[in-house]
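Read through the structure below, which is laid out as structure tokens, and then see the notes.
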Amino acid sequence: MTESAPGPLALGERVPDFSSRTQHGEPITLASLAGAPAVLVFYPWAFSGICTGELQALRDAHAEITATGVRLLAVSCDAMFANRAFADQQRFGFDLLTDHWPHGAIAQAYGVFDQAAGCSLRGTFVLDAEGRLRWQVVHQIGEPRALVDLLAALA
């Protein structure tokens, strides 16, 4: 994997633990991901323009992403039920995690919570099978991320 621009976490360090639920209400923690690499994609809000476009691009590239052995997870401060409606409407084949309560706690732990906006920035984190950070990039709320950068990092 390639290195990224400096971000909120140090490359090679263990990422913060988290506890959440998928859009289907299934519990998920960092420990439950152990043994396989993962990508955490933080996005500000379900159903918003840029977020919808970004997650649609991830949906369309999902087979290519998972072919690398990576589990893709998207995280927002939306409630579980909003994530479910968003995932169902867009036919996302990956899990959307809620960071609704305590509000933004996961995004805060990863250094991508925008206090003034009450949502996460556009942070992308590639984790190895041991939960160590291998690549990251963070964009502001109104700045779309490029899927090509993630695909290059996974290559």
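The chains in the structure tokens are called A, B, ... from first to last as shown; in each chain the residues are counted from 1, and the ligands are counted from 1 in the order shown.
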DSSP helix (DSSP H, G or I) selection over region 5-144 of chain A, as a short mmCIF file (atom, residue, chain, number, x, y, z; two decimals) with C-alpha atoms, in the first residue's frame:
data_model
loop_
_atom_site.label_atom_id
_atom_site.label_comp_id
_atom_site.auth_asym_id
_atom_site.auth_seq_id
_atom_site.Cartn_x
_atom_site.Cartn_y
_atom_site.Cartn_z
CA ALA A 31 -12.13 -6.57 17.35
CA SER A 32 -14.75 -8.28 15.18
CA LEU A 33 -12.75 -7.21 12.10
CA GLY A 49 -25.31 14.88 -2.91
CA ILE A 50 -21.57 14.30 -2.56
CA CYS A 51 -22.00 11.42 -0.10
CA THR A 52 -24.46 9.64 -2.36
CA GLY A 53 -22.10 9.96 -5.33
CA GLU A 54 -19.12 8.72 -3.33
CA LEU A 55 -20.93 5.72 -1.90
CA GLN A 56 -22.38 4.88 -5.32
CA ALA A 57 -18.80 4.82 -6.66
CA LEU A 58 -17.84 2.49 -3.79
CA ARG A 59 -20.88 0.33 -4.57
CA ASP A 60 -19.86 0.11 -8.22
CA HIS A 62 -17.23 -3.07 -4.39
CA ALA A 63 -16.22 -6.28 -6.18
CA GLU A 64 -12.85 -4.77 -7.09
CA ILE A 65 -12.31 -3.60 -3.50
CA THR A 66 -13.29 -6.89 -1.86
CA MET A 80 -29.23 3.21 12.04
CA PHE A 81 -32.66 3.52 10.42
CA ALA A 82 -31.55 6.37 8.13
CA ASN A 83 -28.56 4.24 7.10
CA ARG A 84 -30.91 1.33 6.38
CA ALA A 85 -33.14 3.45 4.15
CA PHE A 86 -30.08 4.91 2.38
CA ALA A 87 -28.48 1.48 1.84
CA ASP A 88 -31.75 -0.04 0.61
CA GLN A 89 -32.46 2.84 -1.77
CA GLN A 90 -28.95 2.79 -3.25
CA ALA A 105 -17.72 9.29 19.03
CA ILE A 106 -16.09 7.11 16.36
CA ALA A 107 -15.32 10.07 14.11
CA GLN A 108 -13.87 11.93 17.11
CA ALA A 109 -11.63 8.96 17.97
#
Would you please give, as a VMD selection string, all residues of region 24-98 of chain A that DSSP assigns to strand (DSSP E) based on the backbone? chain A and resid 27 to 29 38 to 42 71 to 76 95 to 98
Atoms kept (C-alpha atoms) for selection, written as a PDB file, in the first residue's frame:
ATOM      1  CA  PRO A  27     -23.214  -5.128  16.374  1.00  0.00           C
ATOM      2  CA  ILE A  28     -19.717  -4.511  15.046  1.00  0.00           C
ATOM      3  CA  THR A  29     -16.446  -3.626  16.749  1.00  0.00           C
ATOM      4  CA  ALA A  38     -10.702  -3.292   6.349  1.00  0.00           C
ATOM      5  CA  VAL A  39     -11.460   0.123   4.924  1.00  0.00           C
ATOM      6  CA  LEU A  40     -13.388   2.639   7.021  1.00  0.00           C
ATOM      7  CA  VAL A  41     -14.953   5.405   4.951  1.00  0.00           C
ATOM      8  CA  PHE A  42     -16.381   8.262   7.015  1.00  0.00           C
ATOM      9  CA  ARG A  71     -13.979  -5.472   4.120  1.00  0.00           C
ATOM     10  CA  LEU A  72     -15.537  -2.119   3.256  1.00  0.00           C
ATOM     11  CA  LEU A  73     -17.433  -0.217   5.955  1.00  0.00           C
ATOM     12  CA  ALA A  74     -18.938   3.265   5.665  1.00  0.00           C
ATOM     13  CA  VAL A  75     -19.489   5.325   8.826  1.00  0.00           C
ATOM     14  CA  SER A  76     -21.734   8.353   9.399  1.00  0.00           C
ATOM     15  CA  ASP A  95     -22.318  -2.156   5.724  1.00  0.00           C
ATOM     16  CA  LEU A  96     -23.134   1.380   6.838  1.00  0.00           C
ATOM     17  CA  LEU A  97     -22.227   1.929  10.488  1.00  0.00           C
ATOM     18  CA  THR A  98     -24.008   4.371  12.737  1.00  0.00           C
TER      19      THR A  98
END
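In this comparison, which uses only C-alpha atoms, the residue of A:Arg132, A:Val70, A:Gln140, A:Asp78 approaching Ala155 (chain A) most closely is A:Val70.
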Minimum-distance residue to Ala10 (chain A), chosen among A:Ala152, A:Ala46, A:Leu133, A:Ala36 (using only C-alpha atoms):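 Of A:Ala152, A:Ala46, A:Leu133, A:Ala36, the one nearest Ala10 (chain A) is A:Leu133, counting only C-alpha atoms.
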Can you work out the spacing between CA of Thr68 (chain A) and CA of Ala146 (chain A) in Å, to one decimal?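 CA of Ala146 (chain A) lies at a distance of 18.2 Å from CA of Thr68 (chain A).
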Env of Ser120 (chain A): 6 Å cut, atoms = only C-alpha atoms, seq-sep filter 6 positions within chain, self excluded. Answer as a list in words.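 My list of contacting residues is Pro44, Ala107, Val112, Phe113 and Asp114 of chain A.
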Could you check which of A:Ala67, A:Leu154, A:Val138, A:Leu127 is closest to Gly35 (chain A), using only C-alpha atoms? A:Leu127
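With only C-alpha atoms as the atoms that count, the minimum distance from His139 (chain A) to the choices A:Ala153, A:Val126, A:Leu121, A:Val15 is reached by A:Leu121.
With CA of Cys119 (chain A) on one side and CA of Leu9 (chain A) on the other, the separation reads 18.4 Å.
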Under the rule that only C-alpha atoms are counted, which of A:Gly118, A:Cys77, A:Pro16, A:Ala61 is the nearest residue to Leu150 (chain A)?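 Nearest candidate to Leu150 (chain A) out of A:Gly118, A:Cys77, A:Pro16, A:Ala61: A:Ala61.
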CA of Glu130 (chain A) to CA of Arg14 (chain A), straight-line distance in Å: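 Atom-to-atom, CA of Arg14 (chain A) and CA of Glu130 (chain A) are spaced 7.8 Å apart.
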